[in-house]
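Enquirer: So here's structure01.csv, just CSV, C-alpha atoms:
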```csv
chain,number,residue,atom,x,y,z
A,1,MET,CA,0.0,0.0,0.0
A,2,PRO,CA,1.5,3.4,-0.9
A,3,PRO,CA,2.5,5.7,1.9
A,4,SER,CA,-0.2,8.2,2.9
A,5,PRO,CA,0.3,11.8,3.7
A,6,THR,CA,-0.5,12.7,7.2
A,7,ARG,CA,-3.0,15.3,6.0
A,8,ILE,CA,-4.9,15.7,2.8
A,9,THR,CA,-7.2,18.3,1.3
A,10,LEU,CA,-10.8,17.1,1.0
A,11,GLU,CA,-12.8,18.9,-1.7
A,12,VAL,CA,-16.5,18.3,-1.1
A,13,HIS,CA,-19.3,19.3,-3.3
A,14,ARG,CA,-21.8,21.6,-1.5
A,15,SER,CA,-25.3,21.8,-2.6
A,16,ASP,CA,-26.2,25.0,-0.8
A,17,LYS,CA,-23.3,27.1,-2.0
A,18,SER,CA,-23.0,25.8,-5.6
A,19,ARG,CA,-19.3,25.3,-5.1
A,20,THR,CA,-16.9,22.9,-3.4
A,21,SER,CA,-15.7,23.3,0.2
A,22,THR,CA,-12.1,22.4,1.0
A,23,PHE,CA,-11.0,21.0,4.3
A,24,GLU,CA,-7.6,20.0,5.7
A,25,VAL,CA,-8.2,16.5,7.1
A,26,PRO,CA,-5.7,14.3,9.0
A,27,VAL,CA,-5.1,10.8,7.6
A,28,PRO,CA,-3.8,8.7,10.4
A,29,GLN,CA,-3.2,5.6,8.2
A,30,PRO,CA,-3.2,4.9,4.5
A,31,SER,CA,-6.2,2.7,5.1
A,32,SER,CA,-8.2,5.5,6.6
A,33,ARG,CA,-11.5,5.7,4.6
A,34,VAL,CA,-13.1,8.6,2.8
A,35,LEU,CA,-16.0,8.2,5.3
A,36,ASP,CA,-13.5,8.8,8.2
A,37,ALA,CA,-12.5,12.0,6.5
A,38,LEU,CA,-16.1,13.1,6.0
A,39,LEU,CA,-16.9,12.3,9.7
A,40,TYR,CA,-13.8,14.3,10.8
A,41,VAL,CA,-15.1,17.3,8.9
A,42,ARG,CA,-18.6,17.0,10.3
A,43,GLU,CA,-17.3,16.5,13.9
A,44,ASN,CA,-14.5,19.1,13.9
A,45,LEU,CA,-14.8,21.5,11.0
A,46,ASP,CA,-18.3,21.9,9.6
A,47,PRO,CA,-21.3,20.2,11.3
A,48,THR,CA,-23.6,21.1,8.5
A,49,LEU,CA,-21.9,18.8,6.0
A,50,GLY,CA,-24.5,16.4,4.6
A,51,PHE,CA,-23.7,12.8,3.8
A,52,ARG,CA,-25.3,9.4,4.6
A,53,TYR,CA,-23.9,6.3,6.1
A,54,SER,CA,-25.0,3.4,8.3
A,55,CYS,CA,-23.1,0.1,8.6
A,56,ARG,CA,-19.5,1.2,7.9
A,57,ALA,CA,-18.8,-2.3,6.7
A,58,GLY,CA,-19.7,-2.1,3.0
A,59,MET,CA,-23.0,-4.0,3.4
A,60,CYS,CA,-25.8,-1.4,3.5
A,61,GLY,CA,-24.8,0.7,0.5
A,62,SER,CA,-25.9,4.0,2.2
A,63,CYS,CA,-22.6,5.8,1.8
A,64,ALA,CA,-22.1,5.6,-2.0
A,65,VAL,CA,-20.5,8.8,-3.4
A,66,VAL,CA,-18.3,9.8,-6.3
A,67,VAL,CA,-14.7,10.0,-5.2
A,68,ASN,CA,-12.2,11.4,-7.8
A,69,GLY,CA,-14.8,10.8,-10.5
A,70,LYS,CA,-15.6,7.2,-9.6
A,71,GLU,CA,-18.5,5.8,-7.6
A,72,VAL,CA,-17.4,4.1,-4.4
A,73,LEU,CA,-18.7,3.3,-1.0
A,74,ALA,CA,-17.1,6.0,1.3
A,75,CYS,CA,-16.7,3.5,4.1
A,76,GLN,CA,-14.7,1.1,1.8
A,77,ALA,CA,-12.6,3.6,-0.2
A,78,ALA,CA,-9.2,3.9,1.5
A,79,ILE,CA,-7.5,7.3,1.1
A,80,GLY,CA,-3.9,6.1,0.7
A,81,PRO,CA,-4.4,4.0,-2.5
A,82,LEU,CA,-6.3,6.9,-4.1
A,83,GLY,CA,-2.9,8.6,-4.4
A,84,THR,CA,-4.3,12.1,-4.9
A,85,ASP,CA,-4.3,15.3,-3.0
A,86,PRO,CA,-6.9,16.8,-3.0
A,87,VAL,CA,-9.4,14.0,-2.8
A,88,ARG,CA,-12.6,15.2,-4.4
A,89,VAL,CA,-16.0,13.9,-3.1
A,90,ALA,CA,-19.2,14.5,-5.1
A,91,PRO,CA,-22.8,13.1,-4.9
A,92,LEU,CA,-23.9,10.2,-7.0
A,93,ARG,CA,-24.9,11.3,-10.6
A,94,ALA,CA,-28.3,10.9,-12.1
A,95,LEU,CA,-30.0,11.4,-8.7
A,96,PRO,CA,-31.3,14.6,-7.1
A,97,VAL,CA,-29.1,15.9,-4.4
A,98,LEU,CA,-30.7,16.4,-1.0
A,99,ARG,CA,-27.7,18.0,0.7
A,100,ASP,CA,-24.1,18.1,-0.3
A,101,VAL,CA,-23.1,14.5,-1.2
A,102,MET,CA,-26.4,12.9,0.0
A,103,CYS,CA,-28.8,12.0,-2.7
A,104,ASP,CA,-32.5,11.3,-2.9
A,105,MET,CA,-32.5,7.6,-3.9
A,106,THR,CA,-36.2,7.6,-4.9
A,107,PRO,CA,-35.6,7.6,-8.7
A,108,PHE,CA,-33.3,4.6,-8.2
A,109,PHE,CA,-35.7,2.6,-6.1
A,110,ASP,CA,-38.5,3.5,-8.5
A,111,THR,CA,-36.6,1.6,-11.2
A,112,LEU,CA,-36.9,-1.6,-9.1
A,113,LYS,CA,-40.7,-0.9,-8.8
A,114,ARG,CA,-41.1,-0.2,-12.5
A,115,ALA,CA,-39.3,-3.4,-13.4
A,116,ASP,CA,-41.6,-5.3,-11.1
A,117,ALA,CA,-38.5,-6.7,-9.5
A,118,ALA,CA,-40.0,-8.2,-6.3
A,119,MET,CA,-40.0,-12.0,-5.9
A,120,ARG,CA,-43.4,-13.7,-5.8
A,121,PRO,CA,-42.8,-17.2,-4.4
A,122,LYS,CA,-44.5,-20.1,-6.2
A,123,ASP,CA,-45.8,-21.2,-2.9
A,124,PRO,CA,-47.1,-18.1,-1.2
A,125,ASP,CA,-47.9,-20.0,2.0
A,126,ARG,CA,-44.3,-20.7,2.7
A,127,LYS,CA,-43.0,-18.7,5.6
A,128,THR,CA,-39.4,-18.7,4.2
A,129,LEU,CA,-38.0,-19.1,0.8
A,130,GLN,CA,-36.9,-22.6,-0.3
A,131,THR,CA,-33.2,-22.8,0.3
A,132,MET,CA,-30.7,-23.5,-2.5
A,133,PRO,CA,-27.8,-25.6,-1.3
A,134,PRO,CA,-24.3,-24.8,-2.5
A,135,GLY,CA,-23.5,-26.6,-5.7
A,136,ASP,CA,-27.2,-26.7,-6.7
A,137,ARG,CA,-27.6,-26.2,-10.4
A,138,GLU,CA,-30.4,-23.7,-10.0
A,139,ARG,CA,-28.3,-21.7,-7.5
A,140,ALA,CA,-25.4,-21.7,-9.9
A,141,LEU,CA,-27.6,-19.9,-12.4
A,142,ILE,CA,-28.2,-16.9,-10.2
A,143,GLU,CA,-25.3,-16.9,-7.8
A,144,LYS,CA,-23.0,-14.6,-9.7
A,145,GLN,CA,-25.7,-12.0,-10.1
A,146,ASN,CA,-26.6,-12.1,-6.4
A,147,GLY,CA,-25.5,-9.8,-3.7
A,148,CYS,CA,-26.7,-6.3,-4.9
A,149,ILE,CA,-26.7,-3.9,-1.9
A,150,THR,CA,-28.8,-1.3,-3.8
A,151,CYS,CA,-26.2,1.4,-3.2
A,152,GLY,CA,-27.0,3.1,-6.6
A,153,ALA,CA,-23.4,3.2,-7.8
A,154,CYS,CA,-24.2,1.4,-11.0
A,155,TYR,CA,-27.1,3.7,-11.6
A,156,SER,CA,-24.9,6.7,-11.2
A,157,ALA,CA,-22.1,5.3,-13.5
A,158,CYS,CA,-24.5,4.2,-16.2
A,159,GLU,CA,-24.3,6.6,-19.2
A,160,TRP,CA,-28.0,6.3,-19.8
A,161,SER,CA,-29.5,6.7,-16.3
A,162,ALA,CA,-28.5,10.3,-16.1
A,163,THR,CA,-29.4,11.2,-19.7
A,164,ARG,CA,-32.4,9.1,-20.6
A,165,PRO,CA,-35.5,9.6,-18.5
A,166,GLY,CA,-37.2,6.4,-17.8
A,167,TYR,CA,-34.2,4.2,-18.4
A,168,LEU,CA,-34.3,1.3,-15.9
A,169,GLY,CA,-30.6,1.0,-15.1
A,170,PRO,CA,-28.4,-1.9,-14.3
A,171,ALA,CA,-29.5,-2.8,-10.8
A,172,ALA,CA,-33.2,-3.2,-11.7
A,173,MET,CA,-32.4,-5.2,-14.9
A,174,ASN,CA,-30.0,-7.4,-13.0
A,175,ARG,CA,-32.8,-8.1,-10.5
A,176,VAL,CA,-35.1,-9.0,-13.4
A,177,LEU,CA,-32.5,-11.4,-14.7
A,178,MET,CA,-32.1,-13.0,-11.3
A,179,LEU,CA,-35.8,-13.5,-11.0
A,180,ALA,CA,-36.1,-14.8,-14.6
A,181,LEU,CA,-33.5,-17.5,-13.7
A,182,ASP,CA,-34.8,-18.2,-10.2
A,183,GLU,CA,-37.2,-21.2,-10.4
A,184,ARG,CA,-38.7,-20.3,-7.0
A,185,ASP,CA,-40.3,-17.2,-8.5
A,186,ALA,CA,-43.8,-17.5,-9.8
A,187,THR,CA,-43.5,-14.7,-12.5
A,188,GLY,CA,-40.1,-15.7,-13.7
A,189,ARG,CA,-39.5,-15.0,-17.3
A,190,GLY,CA,-42.9,-13.3,-17.6
A,191,ARG,CA,-41.1,-10.3,-16.2
A,192,LEU,CA,-38.8,-10.0,-19.2
A,193,ALA,CA,-41.3,-7.8,-21.1
A,194,THR,CA,-40.4,-5.0,-18.7
A,195,VAL,CA,-36.8,-4.8,-19.9
A,196,ALA,CA,-37.5,-5.7,-23.6
A,197,THR,CA,-37.8,-2.0,-24.5
A,198,GLU,CA,-35.7,1.0,-25.5
A,199,ALA,CA,-35.9,2.0,-21.8
A,200,GLY,CA,-34.5,-1.3,-20.9
A,201,VAL,CA,-31.7,-3.6,-21.9
A,202,LEU,CA,-32.1,-3.0,-25.7
A,203,ARG,CA,-30.6,0.5,-25.1
A,204,CYS,CA,-27.6,-0.9,-23.0
A,205,HIS,CA,-24.4,-0.3,-25.0
A,206,GLY,CA,-22.5,-2.7,-22.8
A,207,LEU,CA,-19.8,-0.2,-21.8
A,208,GLY,CA,-19.6,-1.9,-18.4
A,209,ASN,CA,-19.3,1.2,-16.2
A,210,CYS,CA,-21.8,-0.5,-14.0
A,211,SER,CA,-19.6,-3.6,-13.4
A,212,THR,CA,-16.5,-1.4,-12.9
A,213,VAL,CA,-18.0,0.5,-10.0
A,214,CYS,CA,-20.1,-2.2,-8.3
A,215,PRO,CA,-18.7,-2.4,-4.8
A,216,VAL,CA,-19.7,-6.0,-4.4
A,217,ASP,CA,-18.5,-7.1,-7.9
A,218,VAL,CA,-21.8,-8.2,-9.3
A,219,PRO,CA,-21.1,-8.8,-13.0
A,220,LEU,CA,-23.7,-6.4,-14.2
A,221,ARG,CA,-22.5,-6.0,-17.8
A,222,GLU,CA,-22.3,-9.7,-18.2
A,223,GLY,CA,-25.8,-9.9,-16.7
A,224,MET,CA,-27.1,-7.5,-19.4
A,225,GLN,CA,-25.6,-9.8,-22.1
A,226,ARG,CA,-27.4,-12.8,-20.5
A,227,LEU,CA,-30.6,-10.8,-20.4
A,228,LYS,CA,-30.2,-10.1,-24.1
A,229,GLY,CA,-29.6,-13.8,-24.7
A,230,LEU,CA,-32.9,-14.6,-23.0
A,231,LEU,CA,-34.7,-11.9,-25.0
A,232,ALA,CA,-33.4,-13.4,-28.2
A,233,THR,CA,-34.9,-16.8,-27.6
A,234,GLU,CA,-37.8,-16.4,-25.1
A,235,GLU,CA,-41.4,-15.8,-26.1
A,236,ILE,CA,-42.0,-12.3,-24.7
A,237,ALA,CA,-45.6,-11.6,-23.8
B,1,MET,CA,-46.2,-4.8,-35.2
B,2,LEU,CA,-42.6,-3.5,-35.3
B,3,THR,CA,-41.8,-3.3,-31.6
B,4,ASP,CA,-38.4,-2.4,-30.3
B,5,LEU,CA,-37.9,-6.0,-29.5
B,6,THR,CA,-38.8,-7.2,-33.0
B,7,LEU,CA,-36.5,-4.8,-34.6
B,8,TRP,CA,-33.7,-5.7,-32.2
B,9,ARG,CA,-34.2,-9.4,-33.0
B,10,TRP,CA,-34.1,-8.6,-36.7
B,11,GLN,CA,-30.8,-6.8,-36.2
B,12,ARG,CA,-29.3,-9.9,-34.5
B,13,THR,CA,-30.8,-12.2,-37.1
B,14,THR,CA,-29.5,-10.2,-40.1
B,15,ALA,CA,-26.0,-10.0,-38.4
B,16,LEU,CA,-25.9,-13.7,-38.2
B,17,LEU,CA,-27.0,-13.9,-41.9
B,18,VAL,CA,-24.6,-11.3,-43.2
B,19,LEU,CA,-21.4,-13.1,-42.0
B,20,PRO,CA,-21.8,-16.4,-44.0
B,21,LEU,CA,-23.4,-14.6,-46.9
B,22,VAL,CA,-20.5,-12.2,-47.3
B,23,VAL,CA,-18.0,-15.0,-47.0
B,24,ALA,CA,-19.9,-17.0,-49.6
B,25,HIS,CA,-20.1,-14.0,-51.9
B,26,VAL,CA,-16.3,-13.3,-51.7
B,27,VAL,CA,-15.4,-17.0,-52.2
B,28,LEU,CA,-17.7,-17.2,-55.2
B,29,GLN,CA,-16.6,-14.0,-56.9
B,30,TYR,CA,-12.8,-14.3,-56.3
B,31,TRP,CA,-12.1,-18.0,-56.2
B,32,VAL,CA,-14.9,-19.8,-58.0
B,33,PHE,CA,-15.5,-17.3,-60.8
B,34,GLY,CA,-11.9,-16.0,-60.8
B,35,GLY,CA,-12.9,-12.3,-60.5
B,36,GLU,CA,-14.5,-12.2,-64.0
B,37,ALA,CA,-16.5,-9.0,-63.9
B,38,ALA,CA,-17.5,-8.4,-67.5
B,39,PHE,CA,-21.2,-7.6,-67.9
B,40,ASP,CA,-22.0,-10.7,-70.0
B,41,ALA,CA,-20.2,-13.0,-67.6
B,42,VAL,CA,-21.9,-11.5,-64.5
B,43,SER,CA,-25.3,-11.6,-66.3
B,44,ALA,CA,-24.9,-15.3,-67.2
B,45,ARG,CA,-24.1,-16.1,-63.5
B,46,VAL,CA,-27.0,-14.1,-62.2
B,47,LYS,CA,-29.4,-15.7,-64.6
B,48,GLY,CA,-28.3,-19.0,-63.3
B,49,GLY,CA,-30.8,-18.6,-60.4
B,50,ALA,CA,-28.7,-19.7,-57.4
B,51,ILE,CA,-26.4,-16.7,-57.5
B,52,LEU,CA,-29.5,-14.4,-58.0
B,53,ALA,CA,-31.1,-16.0,-54.9
B,54,LEU,CA,-27.8,-15.5,-52.9
B,55,ASP,CA,-27.5,-11.9,-54.0
B,56,LEU,CA,-31.1,-11.1,-53.1
B,57,VAL,CA,-30.8,-12.5,-49.6
B,58,LEU,CA,-27.4,-10.7,-49.2
B,59,LEU,CA,-28.9,-7.4,-50.4
B,60,ALA,CA,-31.9,-7.8,-48.0
B,61,ALA,CA,-29.7,-8.8,-45.0
B,62,VAL,CA,-27.1,-6.1,-45.5
B,63,SER,CA,-29.6,-3.3,-46.2
B,64,ALA,CA,-31.7,-4.3,-43.2
B,65,HIS,CA,-28.8,-4.7,-40.8
B,66,ALA,CA,-27.2,-1.4,-41.9
B,67,PHE,CA,-30.4,0.6,-41.4
B,68,LEU,CA,-31.4,-1.2,-38.2
B,69,GLY,CA,-27.9,-0.3,-36.9
B,70,LEU,CA,-28.3,3.3,-38.0
B,71,ARG,CA,-31.7,3.4,-36.3
B,72,SER,CA,-30.1,2.1,-33.1
B,73,MET,CA,-27.4,4.8,-33.1
B,74,LEU,CA,-29.9,7.5,-33.9
B,75,GLN,CA,-32.2,6.3,-31.1
B,76,ASP,CA,-29.4,7.4,-28.7
B,77,TYR,CA,-30.3,10.9,-29.4
B,78,ALA,CA,-34.1,10.5,-29.3
B,79,ARG,CA,-35.5,12.5,-26.4
B,80,SER,CA,-39.2,11.4,-26.7
B,81,SER,CA,-41.1,8.4,-27.9
B,82,ALA,CA,-42.5,10.5,-30.8
B,83,ALA,CA,-38.9,11.3,-31.9
B,84,ALA,CA,-38.0,7.6,-31.5
B,85,ALA,CA,-41.0,6.6,-33.7
B,86,ARG,CA,-40.0,9.2,-36.4
B,87,ILE,CA,-36.4,7.8,-36.4
B,88,THR,CA,-37.8,4.2,-36.8
B,89,ARG,CA,-40.1,5.3,-39.7
B,90,ALA,CA,-37.3,7.3,-41.4
B,91,THR,CA,-34.8,4.5,-41.3
B,92,LEU,CA,-37.3,1.9,-42.4
B,93,ILE,CA,-38.2,4.1,-45.4
B,94,VAL,CA,-34.5,4.5,-46.3
B,95,PHE,CA,-34.1,0.7,-45.9
B,96,VAL,CA,-36.9,0.0,-48.3
B,97,ALA,CA,-35.5,2.6,-50.8
B,98,THR,CA,-32.1,1.0,-50.6
B,99,PHE,CA,-33.5,-2.4,-51.1
B,100,LEU,CA,-35.5,-1.3,-54.1
B,101,TYR,CA,-32.4,0.4,-55.6
B,102,GLY,CA,-30.5,-2.8,-55.2
B,103,LEU,CA,-33.3,-4.7,-56.9
B,104,ALA,CA,-33.2,-2.3,-59.8
B,105,ALA,CA,-29.4,-2.7,-60.0
B,106,LEU,CA,-29.6,-6.5,-60.0
B,107,SER,CA,-32.4,-6.5,-62.6
B,108,ALA,CA,-30.1,-4.9,-65.1
B,109,PHE,CA,-28.3,-8.2,-65.3
B,110,LEU,CA,-31.4,-10.2,-66.0
```
Kindly transcribe the structure held in the file into structure tokens.
Expert:
Amino acid sequence: MPPSPTRITLEVHRSDKSRTSTFEVPVPQPSSRVLDALLYVRENLDPTLGFRYSCRAGMCGSCAVVVNGKEVLACQAAIGPLGTDPVRVAPLRALPVLRDVMCDMTPFFDTLKRADAAMRPKDPDRKTLQTMPPGDRERALIEKQNGCITCGACYSACEWSATRPGYLGPAAMNRVLMLALDERDATGRGRLATVATEAGVLRCHGLGNCSTVCPVDVPLREGMQRLKGLLATEEIA
Amino acid sequence: MLTDLTLWRWQRTTALLVLPLVVAHVVLQYWVFGGEAAFDAVSARVKGGAILALDLVLLAAVSAHAFLGLRSMLQDYARSSAAAARITRATLIVFVATFLYGLAALSAFL
């Protein structure tokens, strides 16, 4: 790991001042996180700084921001390996800013609703979902696409989400793919019609920004290709 | 009805068709017929039937694929469903015009 300066300049986008604010922030270790720096600012320099976080373990997806132009989880992005001074922090793209680097996630979660991306178990009376043991063929079909923490990083990095109103975005379409391949779901491939449009996977150029920024390494671009493969062969209602 | 999905499927299908057809065309013209391009020689080959059928399918596949690809690129700039529909109509008209022009060019050899 490269040596870290003891202090860095943190440039943070501010929503209320239409400019960035710069803060001198101590970096005790190269592995200190961007979230640590943001917390330092709020606790010591500017209590009005707006950002969101929760688990601090890369599991909840709350703290997704754009650091030096790339979407990351602030709690997972170590400052040392970034190798830049200043470190620039901006809000996610394609989403309305609530305050500073904290976004309104509603448009992102709306994509999941519009894609009808909720599981409907084949047996609605079951209290829990049927388990899929490791090595199971059906589990292997969806395992790689699993694990999305709905942080919105892919939505922010996708060239279409910001520029094309109504575009579903990678997370919602990945969810549709998972449900199409999950034999426990009652709707299954009947949901493919929601993505078989110019607002869906047909418009995806396969640039792969979504996969590049996904903090949990879901192969989203490959998922889009699998989805296109299904659309090429399946009967779409 | 020409939905987005239908046109996208046609783009894939024509892509799959174009590759072997172009290879067959090149092999026939340069190796089988030795590059003989005099009008009478070409006319005799086209009148044979099989070459005419190959050329017709190639013409249709290449024209369709080209204009479906153009439509797909132009759709990147469509900011409304009405604009997207206009782009689809315009590119389909240009496809038909190109195909008819190709038919007219082929018919000169018959």
Enquirer: For atom CA of A:Ile149 and atom CA of A:Asp182, determine how far apart the two atoms are, in Å to one decimal place.
Expert: 18.4 Å
Enquirer: Can you check which parts of chain A lie within 7 Å of chain B? Per residue, the shortest pair of atoms and distance in Å to one decimal, counting only C-alpha atoms, sorted by chain and number, as a tab-separated table.
Expert:
```
residue	atom	partner	partner_atom	distance
A:Ala196	CA	B:Leu5	CA	5.9
A:Thr197	CA	B:Asp4	CA	5.8
A:Glu198	CA	B:Asp4	CA	6.5
A:Ala232	CA	B:Arg9	CA	6.3
```
Enquirer: Do a neighbour search on A:Val87 at 7 Å with only C-alpha atoms, toss out local chain neighbours closer than 2 positions, and write the hits as number ranges by chain.
Expert: A: 9-11, 68, 84-85, 89
Enquirer: I'd like the contact shell of stretch 152-157 of chain A - 10 Å cut-off, all atoms listed in the file, skipping same-chain residues fewer than 5 positions apart - returned as a count of residues only.
Expert: 38
Enquirer: List as a PyMOL selection string the protein and nucleic acid residues near B:Val42, meaning an atom at most 12 Å away when only C-alpha atoms are counted, but skip any in the same chain fewer than 2 places from it.
Expert: chain B and resi 28-29+33-40+44-48+51-52+55+106-110
Enquirer: If you measure from atom CA of A:Ala115 to atom CA of A:Lys144, what distance in Å do you get, rounded to one decimal?
Expert: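 Value for the atom CA of A:Ala115-atom CA of A:Lys144 distance: 20.1 Å.
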Enquirer: Within 10 Å of A:Gly147, counting only C-alpha atoms, which residues qualify if same-chain residues fewer than 6 places away don't, as a list in words?
Expert: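 Using only C-alpha atoms, the neighbours found are Met59, Val216, Asp217 and Val218 of chain A.
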Enquirer: Of the candidates B:Gln11, B:Leu70, B:Gly102, B:Ala41, which one gets nearest to B:Leu56 if we count only C-alpha atoms?
Expert: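 Distance minimum relative to B:Leu56 lands on B:Gly102.
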Enquirer: Point out the residue among A:Val25, A:Met119, A:Val101, A:Val176 with the least atom-to-atom distance to A:Asn44, counting only C-alpha atoms.
Expert: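 When distances to A:Asn44 are compared using only C-alpha atoms, the smallest one comes from A:Val25.
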Enquirer: Could you jot down the atom CA of A:Ala237 to atom CA of B:Thr88 separation for me, Å, one decimal place?
Expert: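 Computed distance, atom CA of A:Ala237 to atom CA of B:Thr88, equals 21.9 Å.
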Enquirer: Looking at all atoms listed in the file, which of A:Arg52, A:Arg7, A:Arg175, A:Arg226 is the one that sits closest to A:Asp116?
Expert: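 Closest residue, counting all atoms listed in the file: A:Arg175.
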